[in-house]
>>> print(open('protein.cif').read())   # mmCIF, C-alpha atoms
data_coords
loop_
_atom_site.label_atom_id
_atom_site.label_comp_id
_atom_site.auth_asym_id
_atom_site.auth_seq_id
_atom_site.Cartn_x
_atom_site.Cartn_y
_atom_site.Cartn_z
CA MET P 1 -16.33 19.55 -33.61
CA THR P 2 -14.61 16.22 -32.96
CA GLU P 3 -10.92 16.17 -33.87
CA VAL P 4 -9.02 13.00 -34.81
CA TRP P 5 -5.29 12.32 -35.16
CA SER P 6 -4.22 8.92 -36.52
CA PRO P 7 -0.88 7.18 -37.20
CA ASP P 8 0.45 7.99 -40.65
CA GLY P 9 0.31 4.83 -42.76
CA ALA P 10 0.52 2.44 -39.81
CA THR P 11 -1.86 0.22 -37.92
CA SER P 12 -3.12 1.95 -34.81
CA ARG P 13 -1.88 0.55 -31.51
CA GLY P 14 -5.01 1.75 -29.72
CA THR P 15 -7.57 4.51 -29.47
CA VAL P 16 -7.53 7.30 -26.87
CA VAL P 17 -10.73 9.29 -26.54
CA VAL P 18 -10.08 12.61 -24.79
CA LEU P 19 -12.78 14.49 -22.87
CA PRO P 20 -11.65 18.13 -22.48
CA GLY P 21 -12.32 20.20 -19.39
CA ARG P 22 -13.97 23.51 -18.58
CA GLY P 23 -13.52 26.13 -21.27
CA GLU P 24 -11.62 23.84 -23.62
CA HIS P 25 -12.41 22.55 -27.11
CA PRO P 26 -10.84 19.70 -29.14
CA GLY P 27 -8.34 21.93 -30.94
CA VAL P 28 -6.60 22.66 -27.64
CA TYR P 29 -5.19 19.10 -27.75
CA GLN P 30 -3.68 19.25 -31.22
CA ARG P 31 -0.14 18.97 -29.84
CA LEU P 32 -0.98 15.90 -27.75
CA GLY P 33 -2.90 14.31 -30.63
CA ARG P 34 -0.02 14.70 -33.06
CA ARG P 35 2.50 13.40 -30.55
CA LEU P 36 0.54 10.26 -29.68
CA ALA P 37 -0.22 9.65 -33.37
CA VAL P 38 3.54 9.56 -34.04
CA ASP P 39 3.76 6.87 -31.35
CA GLY P 40 1.11 4.83 -33.17
CA TYR P 41 -2.09 5.77 -31.34
CA THR P 42 -5.36 7.20 -32.65
CA VAL P 43 -6.47 10.22 -30.63
CA VAL P 44 -10.10 11.35 -30.74
CA VAL P 45 -10.96 14.57 -28.90
CA ALA P 46 -14.60 15.53 -28.38
CA ASP P 47 -16.62 17.92 -26.28
CA LEU P 48 -19.46 16.01 -24.65
CA GLY P 49 -22.55 18.14 -24.20
CA PRO P 50 -26.05 17.23 -23.06
CA ALA P 51 -28.28 14.57 -24.53
CA ALA P 52 -28.51 14.89 -28.29
CA ASP P 53 -31.53 16.50 -29.90
CA PRO P 54 -34.10 13.86 -30.94
CA ASP P 55 -33.69 14.98 -34.57
CA ASP P 56 -30.03 13.94 -34.31
CA ALA P 57 -30.68 10.51 -32.80
CA ALA P 58 -29.42 8.76 -35.91
CA ASP P 59 -26.06 10.51 -35.56
CA PRO P 60 -24.08 9.09 -32.60
CA HIS P 61 -21.69 12.05 -32.85
CA ALA P 62 -24.37 14.68 -32.23
CA ALA P 63 -23.85 14.63 -28.49
CA ALA P 64 -20.10 14.55 -28.87
CA ASP P 65 -20.10 17.75 -30.90
CA SER P 66 -22.31 19.82 -28.60
CA HIS P 67 -20.87 22.69 -26.57
CA ALA P 68 -23.99 23.33 -24.49
CA ALA P 69 -23.77 22.98 -20.73
CA ALA P 70 -25.40 20.00 -19.03
CA ASP P 71 -25.66 18.59 -15.55
CA PRO P 72 -23.03 15.78 -15.51
CA ASP P 73 -24.99 13.99 -12.79
CA ASP P 74 -28.17 13.84 -14.89
CA ASP P 75 -28.90 10.25 -15.93
CA THR P 76 -30.17 11.25 -19.37
CA ALA P 77 -27.06 13.30 -20.11
CA LEU P 78 -24.81 10.53 -18.79
CA ALA P 79 -26.51 7.97 -21.04
CA SER P 80 -26.02 10.29 -24.01
CA HIS P 81 -22.34 10.77 -23.15
CA SER P 82 -21.93 7.02 -22.84
CA ALA P 83 -23.47 6.43 -26.26
CA ALA P 84 -21.32 9.14 -27.84
CA VAL P 85 -18.06 7.81 -26.37
CA THR P 86 -18.98 4.25 -27.39
CA ALA P 87 -19.62 5.44 -30.96
CA LEU P 88 -16.30 7.28 -31.11
CA LEU P 89 -14.39 4.25 -29.83
CA SER P 90 -16.18 1.93 -32.25
CA ASP P 91 -15.34 4.14 -35.22
CA HIS P 92 -11.59 3.94 -34.68
CA GLY P 93 -10.35 0.34 -34.54
CA THR P 94 -10.47 -2.63 -32.23
CA ALA P 95 -7.15 -2.33 -30.38
CA SER P 96 -6.91 -1.06 -26.80
CA ARG P 97 -9.62 1.45 -25.87
CA VAL P 98 -8.60 4.18 -23.43
CA LEU P 99 -10.68 7.06 -22.05
CA LEU P 100 -8.72 10.16 -21.01
CA GLY P 101 -10.51 12.91 -19.12
CA VAL P 102 -9.17 16.37 -18.22
CA ASP P 103 -10.53 18.59 -15.41
CA SER P 104 -14.35 18.24 -15.46
CA GLY P 105 -13.84 15.78 -18.32
CA ALA P 106 -11.85 13.61 -15.90
CA LEU P 107 -14.84 13.41 -13.55
CA LEU P 108 -17.09 12.49 -16.48
CA ALA P 109 -14.63 9.86 -17.74
CA TRP P 110 -14.50 8.40 -14.23
CA ARG P 111 -18.31 8.19 -14.04
CA LEU P 112 -18.52 6.55 -17.47
CA ALA P 113 -15.87 3.98 -16.50
CA VAL P 114 -17.62 3.14 -13.22
CA GLY P 115 -20.99 2.85 -14.98
CA GLY P 116 -19.66 0.03 -17.14
CA GLU P 117 -21.71 0.97 -20.21
CA VAL P 118 -18.58 1.93 -22.17
CA ALA P 119 -16.21 -0.98 -22.88
CA LEU P 120 -12.77 0.27 -21.84
CA ASP P 121 -9.32 -1.19 -21.33
CA ALA P 122 -7.94 1.70 -19.27
CA LEU P 123 -8.68 5.11 -17.80
CA VAL P 124 -6.54 8.27 -17.56
CA LEU P 125 -7.51 11.18 -15.28
CA ALA P 126 -5.64 14.49 -15.67
CA GLY P 127 -6.09 17.59 -13.51
CA LEU P 128 -8.81 15.86 -11.50
CA PRO P 129 -10.81 18.44 -9.45
CA LEU P 130 -11.85 16.76 -6.20
CA THR P 131 -12.08 19.86 -3.98
CA PRO P 132 -12.68 23.59 -4.58
CA ALA P 133 -9.84 25.67 -5.99
CA THR P 134 -7.39 27.27 -3.58
CA ALA P 135 -7.08 30.41 -5.70
CA ASP P 136 -9.48 32.71 -7.56
CA VAL P 137 -9.01 33.41 -11.26
CA PRO P 138 -10.83 36.75 -11.67
CA SER P 139 -9.12 37.69 -14.94
CA ARG P 140 -7.88 36.04 -18.11
CA ARG P 141 -4.33 36.72 -17.04
CA ALA P 142 -4.88 34.96 -13.70
CA GLU P 143 -6.62 32.04 -15.38
CA LEU P 144 -3.84 31.69 -17.94
CA ALA P 145 -1.21 31.51 -15.18
CA ALA P 146 -3.27 28.96 -13.25
CA ARG P 147 -3.70 26.79 -16.34
CA THR P 148 -0.24 26.55 -17.89
CA ALA P 149 3.34 27.76 -17.61
CA CYS P 150 4.12 26.73 -21.19
CA PRO P 151 4.68 29.91 -23.26
CA VAL P 152 3.59 28.20 -26.48
CA HIS P 153 0.30 27.06 -24.98
CA GLN P 154 -0.22 30.44 -23.31
CA ALA P 155 0.11 32.12 -26.71
CA LEU P 156 -2.27 29.58 -28.26
CA LEU P 157 -4.97 30.19 -25.65
CA THR P 158 -4.53 33.97 -25.77
CA GLY P 159 -5.28 34.05 -29.49
CA ASP P 160 -7.95 31.33 -29.44
CA ARG P 161 -11.41 32.79 -30.10
CA ALA P 162 -13.10 29.46 -29.46
CA PHE P 163 -11.66 29.11 -25.97
CA ARG P 164 -14.25 29.81 -23.28
CA TRP P 165 -12.67 31.96 -20.57
CA GLY P 166 -14.07 32.10 -17.05
CA GLU P 167 -15.47 28.56 -16.86
CA LEU P 168 -12.96 27.38 -14.25
CA GLY P 169 -15.22 28.97 -11.65
CA THR P 170 -18.21 26.79 -12.56
CA GLU P 171 -19.18 23.83 -10.40
CA VAL P 172 -18.16 20.31 -11.34
CA SER P 173 -19.92 17.02 -10.73
CA ARG P 174 -19.45 14.90 -7.64
CA PRO P 175 -16.80 12.18 -7.97
CA PRO P 176 -17.85 8.53 -7.77
CA ALA P 177 -17.18 6.64 -4.54
CA ALA P 178 -14.35 4.53 -5.97
CA LEU P 179 -12.25 4.09 -9.10
CA ALA P 180 -13.32 1.59 -11.72
CA ASP P 181 -11.68 -1.83 -11.76
CA LEU P 182 -9.49 -0.82 -14.69
CA PRO P 183 -5.83 0.08 -15.18
CA THR P 184 -5.86 3.76 -14.20
CA LEU P 185 -3.27 6.51 -14.60
CA ILE P 186 -3.70 9.80 -12.71
CA LEU P 187 -1.70 12.78 -13.99
CA HIS P 188 -1.55 15.90 -11.81
CA GLY P 189 0.44 19.08 -11.34
CA GLU P 190 1.98 19.49 -7.90
CA ASP P 191 1.30 23.25 -7.88
CA ASP P 192 -2.26 22.98 -9.24
CA ARG P 193 -4.32 25.70 -7.53
CA ILE P 194 -7.50 24.85 -9.45
CA ALA P 195 -7.53 21.20 -8.39
CA PRO P 196 -5.32 20.79 -5.28
CA VAL P 197 -3.12 17.70 -5.36
CA ASP P 198 -3.55 16.42 -1.78
CA PRO P 199 -7.04 14.91 -2.29
CA VAL P 200 -5.74 13.24 -5.46
CA ARG P 201 -2.87 11.69 -3.51
CA GLU P 202 -5.38 10.42 -0.95
CA LEU P 203 -7.50 8.90 -3.74
CA ALA P 204 -4.45 7.09 -5.15
CA ALA P 205 -3.53 5.82 -1.67
CA ARG P 206 -6.99 4.25 -1.36
CA HIS P 207 -6.54 2.55 -4.75
CA PRO P 208 -3.02 1.06 -4.86
CA ALA P 209 -3.65 -0.46 -8.28
CA ALA P 210 -3.83 3.04 -9.79
CA ASP P 211 -0.70 4.81 -11.06
CA LEU P 212 -0.23 8.37 -9.81
CA ALA P 213 2.23 10.67 -11.61
CA VAL P 214 2.61 14.07 -9.94
CA VAL P 215 4.55 16.65 -11.97
CA ALA P 216 6.86 18.84 -9.89
CA ASP P 217 6.10 22.55 -10.48
CA GLY P 218 3.18 21.52 -12.68
CA VAL P 219 -0.08 23.48 -12.79
CA HIS P 220 -3.64 22.65 -13.85
CA ASP P 221 -3.45 21.86 -17.58
CA VAL P 222 -0.90 19.12 -16.98
CA LEU P 223 -1.08 17.80 -20.57
CA ASN P 224 -0.35 21.26 -21.95
CA ASP P 225 1.95 22.59 -19.23
CA GLN P 226 5.69 23.33 -19.43
CA PHE P 227 6.59 19.65 -19.00
CA HIS P 228 4.10 18.36 -21.57
CA ARG P 229 6.75 16.20 -23.27
CA SER P 230 7.53 14.30 -20.07
CA VAL P 231 3.83 13.90 -19.32
CA ALA P 232 3.17 12.57 -22.83
CA ALA P 233 6.06 10.12 -22.45
CA ARG P 234 4.59 8.91 -19.16
CA LEU P 235 1.24 8.48 -20.87
CA VAL P 236 2.78 6.44 -23.70
CA LEU P 237 4.48 4.13 -21.17
CA PHE P 238 1.08 3.51 -19.61
CA LEU P 239 -0.58 2.90 -22.99
CA GLU P 240 2.13 0.44 -24.01
CA ARG P 241 1.71 -1.47 -20.76
CA VAL P 242 -2.07 -1.64 -21.19
CA GLY P 243 -2.05 -2.57 -24.86
CA LYS P 244 1.13 -4.61 -25.23
CA GLY P 245 2.08 -5.66 -21.70
CA ALA P 246 5.34 -3.69 -21.88
CA VAL P 247 6.94 -3.17 -18.46
CA ILE P 248 10.18 -1.27 -17.86
CA ARG P 249 12.15 -2.50 -14.87
CA GLU P 250 14.75 -0.48 -13.02
CA GLN P 251 18.20 -2.01 -12.63
CA VAL P 252 19.19 -2.74 -9.06
CA ASP P 253 22.76 -2.16 -7.85
CA ASN P 254 24.38 -4.58 -5.38
CA GLY P 255 21.08 -6.11 -4.40
CA ALA P 256 19.71 -2.84 -3.01
CA PRO P 257 15.93 -2.36 -3.29
CA ALA P 258 14.84 -0.43 -6.35
CA ARG P 259 13.23 2.96 -5.92
CA GLU P 260 9.48 2.59 -5.65
CA ASP P 261 7.85 4.45 -8.49
CA SER P 262 4.36 4.23 -9.95
CA ALA P 263 5.79 4.27 -13.47
CA VAL P 264 8.41 1.58 -13.06
CA GLU P 265 8.22 -1.76 -11.34
CA PRO P 266 11.15 -2.65 -9.09
CA ALA P 267 13.39 -5.30 -10.58
CA ARG P 268 15.09 -8.22 -8.90
CA PRO P 269 18.88 -8.53 -9.08
CA VAL P 270 19.67 -10.57 -12.18
CA ARG P 271 22.75 -11.93 -13.89
CA ALA P 272 23.67 -10.92 -17.41
CA ARG P 273 20.88 -12.33 -19.50
CA ARG P 274 21.45 -15.51 -21.42
CA ALA P 275 18.33 -16.60 -23.25
CA ALA P 276 17.39 -20.21 -22.53
CA PRO P 277 15.67 -22.38 -25.14
CA LEU P 278 12.69 -22.51 -22.79
CA HIS P 279 12.02 -19.39 -20.75
CA VAL P 280 9.03 -18.96 -18.42
CA SER P 281 8.43 -15.23 -17.97
CA ALA P 282 7.22 -13.59 -14.79
CA ARG P 283 4.10 -12.55 -16.71
CA LEU P 284 3.21 -16.16 -17.45
CA ASP P 285 3.94 -17.22 -13.89
CA TYR P 286 1.72 -14.44 -12.55
CA ALA P 287 -1.07 -15.29 -15.00
CA LEU P 288 -1.13 -18.95 -13.94
CA ARG P 289 -1.12 -17.92 -10.28
CA ALA P 290 -4.06 -15.59 -10.90
CA VAL P 291 -6.05 -18.29 -12.68
CA ALA P 292 -5.30 -20.67 -9.82
CA GLU P 293 -6.71 -18.17 -7.32
CA LEU P 294 -9.87 -17.82 -9.41
CA ILE P 295 -10.24 -21.60 -9.21
CA THR P 296 -9.81 -21.83 -5.44
CA ALA P 297 -11.42 -18.57 -4.30
CA GLY P 298 -13.92 -17.78 -7.00
CA GLY P 299 -15.32 -21.07 -8.16
CA SER P 300 -17.30 -20.91 -11.38
CA ASP P 301 -19.04 -17.54 -11.06
CA ARG P 302 -18.01 -15.73 -7.87
CA PRO P 303 -16.09 -12.52 -8.70
CA VAL P 304 -12.68 -12.11 -7.09
CA ARG P 305 -11.10 -8.66 -6.92
CA CYS P 306 -7.55 -7.99 -8.11
CA GLU P 307 -6.49 -6.86 -4.64
CA ALA P 308 -7.52 -10.24 -3.18
CA ILE P 309 -5.71 -12.18 -5.91
CA SER P 310 -2.57 -10.06 -5.43
CA ARG P 311 -2.49 -10.67 -1.67
CA ALA P 312 -3.26 -14.38 -1.89
CA ARG P 313 -0.77 -15.24 -4.63
CA GLY P 314 1.99 -12.66 -4.15
CA ILE P 315 1.53 -10.93 -7.51
CA PRO P 316 2.45 -7.23 -7.98
CA LEU P 317 -0.88 -5.45 -8.25
CA ASN P 318 0.00 -3.24 -11.23
CA SER P 319 1.19 -6.27 -13.23
CA LEU P 320 -1.89 -8.25 -12.24
CA VAL P 321 -4.36 -5.58 -13.39
CA ASN P 322 -2.86 -5.58 -16.88
CA LEU P 323 -2.67 -9.37 -17.06
CA MET P 324 -6.34 -9.69 -16.15
CA VAL P 325 -7.19 -7.39 -19.06
CA GLU P 326 -5.27 -9.70 -21.42
CA LEU P 327 -6.94 -12.81 -20.00
CA ARG P 328 -10.32 -11.15 -20.49
CA ARG P 329 -9.50 -10.24 -24.09
CA ALA P 330 -8.55 -13.85 -24.74
CA GLY P 331 -11.93 -15.02 -23.42
CA LEU P 332 -10.47 -16.90 -20.45
CA VAL P 333 -12.02 -14.72 -17.73
CA ARG P 334 -14.99 -12.43 -17.38
CA SER P 335 -15.28 -9.29 -15.31
CA GLN P 336 -17.81 -7.21 -13.48
CA ARG P 337 -17.28 -3.61 -12.41
CA GLY P 338 -18.49 -1.87 -9.30
CA CYS P 339 -18.32 -2.56 -5.57
CA GLU P 340 -19.28 -6.21 -6.01
CA GLY P 341 -17.13 -6.63 -9.10
CA GLY P 342 -14.09 -8.68 -9.90
CA TYR P 343 -13.03 -11.52 -12.20
CA TRP P 344 -14.10 -15.12 -12.64
CA LEU P 345 -13.33 -17.90 -15.14
CA ALA P 346 -15.21 -17.65 -18.43
CA ARG P 347 -15.47 -21.43 -18.71
CA PRO P 348 -14.82 -24.46 -16.49
CA SER P 349 -11.22 -24.75 -15.30
CA SER P 350 -11.06 -28.23 -16.85
CA ALA P 351 -11.66 -26.63 -20.27
CA ILE P 352 -8.84 -24.05 -20.01
CA THR P 353 -5.38 -25.34 -20.86
CA VAL P 354 -2.00 -23.96 -19.89
CA ALA P 355 -1.43 -23.37 -23.62
CA ASP P 356 -4.49 -21.08 -23.61
CA VAL P 357 -2.92 -18.98 -20.85
CA VAL P 358 0.46 -18.88 -22.62
CA ARG P 359 -1.10 -17.62 -25.84
CA ALA P 360 -3.20 -15.06 -23.93
CA VAL P 361 -0.23 -13.35 -22.25
CA GLU P 362 2.71 -14.21 -24.55
CA GLY P 363 1.03 -14.38 -27.95
CA GLU P 364 2.64 -17.67 -28.98
CA VAL P 365 4.39 -20.66 -27.46
CA VAL P 366 7.69 -20.27 -29.36
CA SER P 367 9.13 -17.04 -30.76
CA LEU P 368 11.98 -17.04 -33.30
CA HIS P 369 14.14 -13.95 -33.80
CA ALA P 370 14.52 -14.90 -37.48
CA ASP P 371 14.10 -17.85 -39.82
CA GLY P 372 17.30 -19.77 -40.47
CA PRO P 373 18.47 -23.17 -41.71
CA ASP P 374 17.56 -24.76 -38.36
CA SER P 375 14.19 -23.07 -37.96
CA TRP P 376 12.43 -26.40 -38.53
CA LEU P 377 13.98 -27.69 -35.31
CA TRP P 378 12.60 -24.84 -33.22
CA HIS P 379 9.21 -25.05 -34.88
CA GLN P 380 9.14 -28.75 -34.02
CA LEU P 381 10.06 -27.87 -30.43
CA GLY P 382 7.21 -25.36 -30.39
CA ARG P 383 4.73 -27.99 -31.56
CA THR P 384 6.00 -30.44 -28.95
CA VAL P 385 5.74 -27.88 -26.15
CA ALA P 386 2.31 -26.77 -27.33
CA THR P 387 1.06 -30.36 -27.36
CA PHE P 388 2.41 -30.88 -23.85
CA LEU P 389 0.81 -27.68 -22.51
CA GLU P 390 -2.49 -28.42 -24.24
CA GLY P 391 -2.56 -31.69 -22.31
CA TRP P 392 -2.61 -29.82 -19.00
CA SER P 393 -5.73 -28.00 -17.87
CA VAL P 394 -5.37 -25.23 -15.30
CA GLU P 395 -7.56 -27.36 -13.04
CA SER P 396 -5.03 -30.21 -13.21
CA VAL P 397 -2.13 -27.84 -12.56
CA GLU P 398 -3.82 -26.42 -9.48
CA ALA P 399 -4.70 -29.91 -8.23
CA ASN P 400 -1.06 -31.00 -8.64
CA ARG P 401 0.17 -27.82 -6.97
CA THR P 402 -2.17 -28.36 -4.04
CA GLY P 403 -1.23 -32.04 -3.77
CA ALA P 404 2.48 -31.29 -3.92
CA ALA P 405 2.13 -28.63 -1.23
CA ALA P 406 0.22 -31.02 0.99
CA GLU P 407 2.86 -33.72 0.48
CA ARG P 408 5.64 -31.26 1.23
CA ASP P 409 3.94 -30.12 4.43
CA ARG P 410 3.24 -33.62 5.78
CA PRO P 411 5.17 -34.52 8.96
CA LYS P 412 8.07 -36.83 8.20
CA GLU P 413 6.66 -39.52 10.50
CA ALA P 414 3.41 -39.57 8.50
CA ALA P 415 5.30 -39.73 5.23
CA ARG P 416 7.10 -42.94 6.18
#
>>> encode(input="protein.cif", output="structure tokens")
Amino acid sequence: MTEVWSPDGATSRGTVVVLPGRGEHPGVYQRLGRRLAVDGYTVVVADLGPAADPDDAADPHAAADSHAAADPDDDTALASHSAAVTALLSDHGTASRVLLGVDSGALLAWRLAVGGEVALDALVLAGLPLTPATADVPSRRAELAARTACPVHQALLTGDRAFRWGELGTEVSRPPAALADLPTLILHGEDDRIAPVDPVRELAARHPAADLAVVADGVHDVLNDQFHRSVAARLVLFLERVGKGAVIREQVDNGAPAREDSAVEPARPVRARRAAPLHVSARLDYALRAVAELITAGGSDRPVRCEAISRARGIPLNSLVNLMVELRRAGLVRSQRGCEGGYWLARPSSAITVADVVRAVEGEVVSLHADGPDSWLWHQLGRTVATFLEGWSVESVEANRTGAAAERDRPKEAAR
């Protein structure tokens, strides 16, 4: 039966649909559901079985509540799973939509994301089994040790009559050829003997836009292992970045390079912050650069991949992936998934203003910390800035940028 945990008396910041793995049922994720609900997210956990019985066709949750086994590679079953996940997402708000798969559920979530039938903003893959296990689990005791080192979760599974022991030995579906063009977080235990970590590291290396978080001393059930609090915190950081654009930057000492980490973007050395009346954020700068690349490389309808935009315009790939999601939500770009996928402008570049881009990534042109006796002045400034930015199309900005670059690069003799 589908389980749902929602924020208590607050607007949900997003919906996370969880697809459990072999042997598991929705109740296994009660601890995760409650924790994310406290952080403002709706968590929906469902077992996805085979295609729903025809008598249940009117109920989109019929497939989601089935425990029967099904071939994950079967097109009919996959279509049923897609419909069930779409129904669950649609039932729980319109904020960010994230699909989180665990073990065999991670492979299914990956296939659904690549298929493009389910509208998603991000994907999370936990305990992803890409190669056969390196250890047998012939007994419940051996399986318990391979799954989790958390004593609380061990006790829960030991007394759980609904838990299906022995399924870790069953075959899983083949992984897709590549990750979906979505913000993706991969969570994995370093000591996972059911799903060895090395192939997962290789997958992440082939997809630099994906975030990989490997838990030292972690085993297979990484969301319910001994370091479940740290893993949940890492997940919340990812959700906040996807839904709200929140990025935590490491401080840099004496100009030394920041430690590279998939969870934290390196920061540039900065002085003590003094807010200026007009501040252009790195996010806005990156967004305008990305739109400019779509103009020059993509034209009106040719998809351009994030990797190509990042290389051409010098934009950090992780930041770019999230910005493109926000531009798509604002209706400024469109996207296509798959090998030939990418992004292109949703309307002519002459019809997109700089103000449109500002509102897409910043929310508003001017932000006041509080109303005061001089608020009218800052509101007037906001209207003036908005009018100015609405007078500039992204096409005009790119034309001026190109013209200025050409003028700068002209030989001095020719400039005379």
>>> atom_distance(input="protein.cif", atom1="CA of Val280 (chain P)", atom2="CA of Ala360 (chain P)")
14.0 Å
>>> residues_around(input="protein.cif", residues="Ala178 (chain P)", least_positions_apart="2", cutoff="10 Å", atoms="all atoms listed in the file", output="ChimeraX atom specification")
/P:110-111,114,175-176,180-181,203,206-207,338-339
>>> closest_residue(input="protein.cif", among="P:Ser173, P:Glu117, P:Thr86, P:Val197", to="Thr134 (chain P)", atoms="only C-alpha atoms")
P:Val197
>>> resolve_selection(input="protein.cif", expression="the PyMOL selection byres ((chain P and resi 144-146) around 8)", output="ChimeraX atom specification")
/P:137,140-143,147-149,154,157,192-194,219-220
>>> resolve_selection(input="protein.cif", expression="the PyMOL selection byres ((chain P and resi 122) around 6)", output="PyMOL selection string")
chain P and resi 98+120-121+123+182-184
>>> resolve_selection(input="protein.cif", expression="the PyMOL selection byres ((chain P and resi 361) around 8)", output="PyMOL selection string")
chain P and resi 283-284+287+323+326-327+357-360+362-363
>>> atom_distance(input="protein.cif", atom1="CA of Ser96 (chain P)", atom2="CA of His153 (chain P)")
29.1 Å
>>> atom_distance(input="protein.cif", atom1="CA of His81 (chain P)", atom2="CA of Val102 (chain P)")
15.1 Å
>>> closest_residue(input="protein.cif", among="P:Ala195, P:Val333, P:Val43, P:Leu88", to="Leu107 (chain P)", atoms="all atoms listed in the file")
P:Ala195
>>> residues_near_point(input="protein.cif", point="(-5.0, 18.1, -27.9)", cutoff="9 Å", atoms="only C-alpha atoms", output="JSON list (two decimals) with C-alpha atoms, keeping the file's coordinate frame")
[["chain", "number", "residue", "atom", "x", "y", "z"],
["P", 3, "GLU", "CA", -10.92, 16.17, -33.87],
["P", 18, "VAL", "CA", -10.08, 12.61, -24.79],
["P", 20, "PRO", "CA", -11.65, 18.13, -22.48],
["P", 25, "HIS", "CA", -12.41, 22.55, -27.11],
["P", 26, "PRO", "CA", -10.84, 19.70, -29.14],
["P", 27, "GLY", "CA", -8.34, 21.93, -30.94],
["P", 28, "VAL", "CA", -6.60, 22.66, -27.64],
["P", 29, "TYR", "CA", -5.19, 19.10, -27.75],
["P", 30, "GLN", "CA", -3.68, 19.25, -31.22],
["P", 31, "ARG", "CA", -0.14, 18.97, -29.84],
["P", 32, "LEU", "CA", -0.98, 15.90, -27.75],
["P", 33, "GLY", "CA", -2.90, 14.31, -30.63],
["P", 34, "ARG", "CA", -0.02, 14.70, -33.06],
["P", 43, "VAL", "CA", -6.47, 10.22, -30.63],
["P", 44, "VAL", "CA", -10.10, 11.35, -30.74],
["P", 45, "VAL", "CA", -10.96, 14.57, -28.90],
["P", 223, "LEU", "CA", -1.08, 17.80, -20.57],
["P", 224, "ASN", "CA", -0.35, 21.26, -21.95]]
>>> closest_residue(input="protein.cif", among="P:Val215, P:Val321, P:Ala308, P:Leu19", to="Gly245 (chain P)", atoms="all atoms listed in the file")
P:Val321
>>> closest_residue(input="protein.cif", among="P:Arg383, P:Leu288, P:Leu48, P:Val222", to="Ala84 (chain P)", atoms="all atoms listed in the file")
P:Leu48
>>> axis_aligned_box(input="protein.cif", around="region 146-152 of chain P", padding_each_side="8 Å", output="AutoDock Vina command-line options")
--center_x 0.5 --center_y 28.2 --center_z -19.9 --size_x 24.4 --size_y 19.4 --size_z 29.2
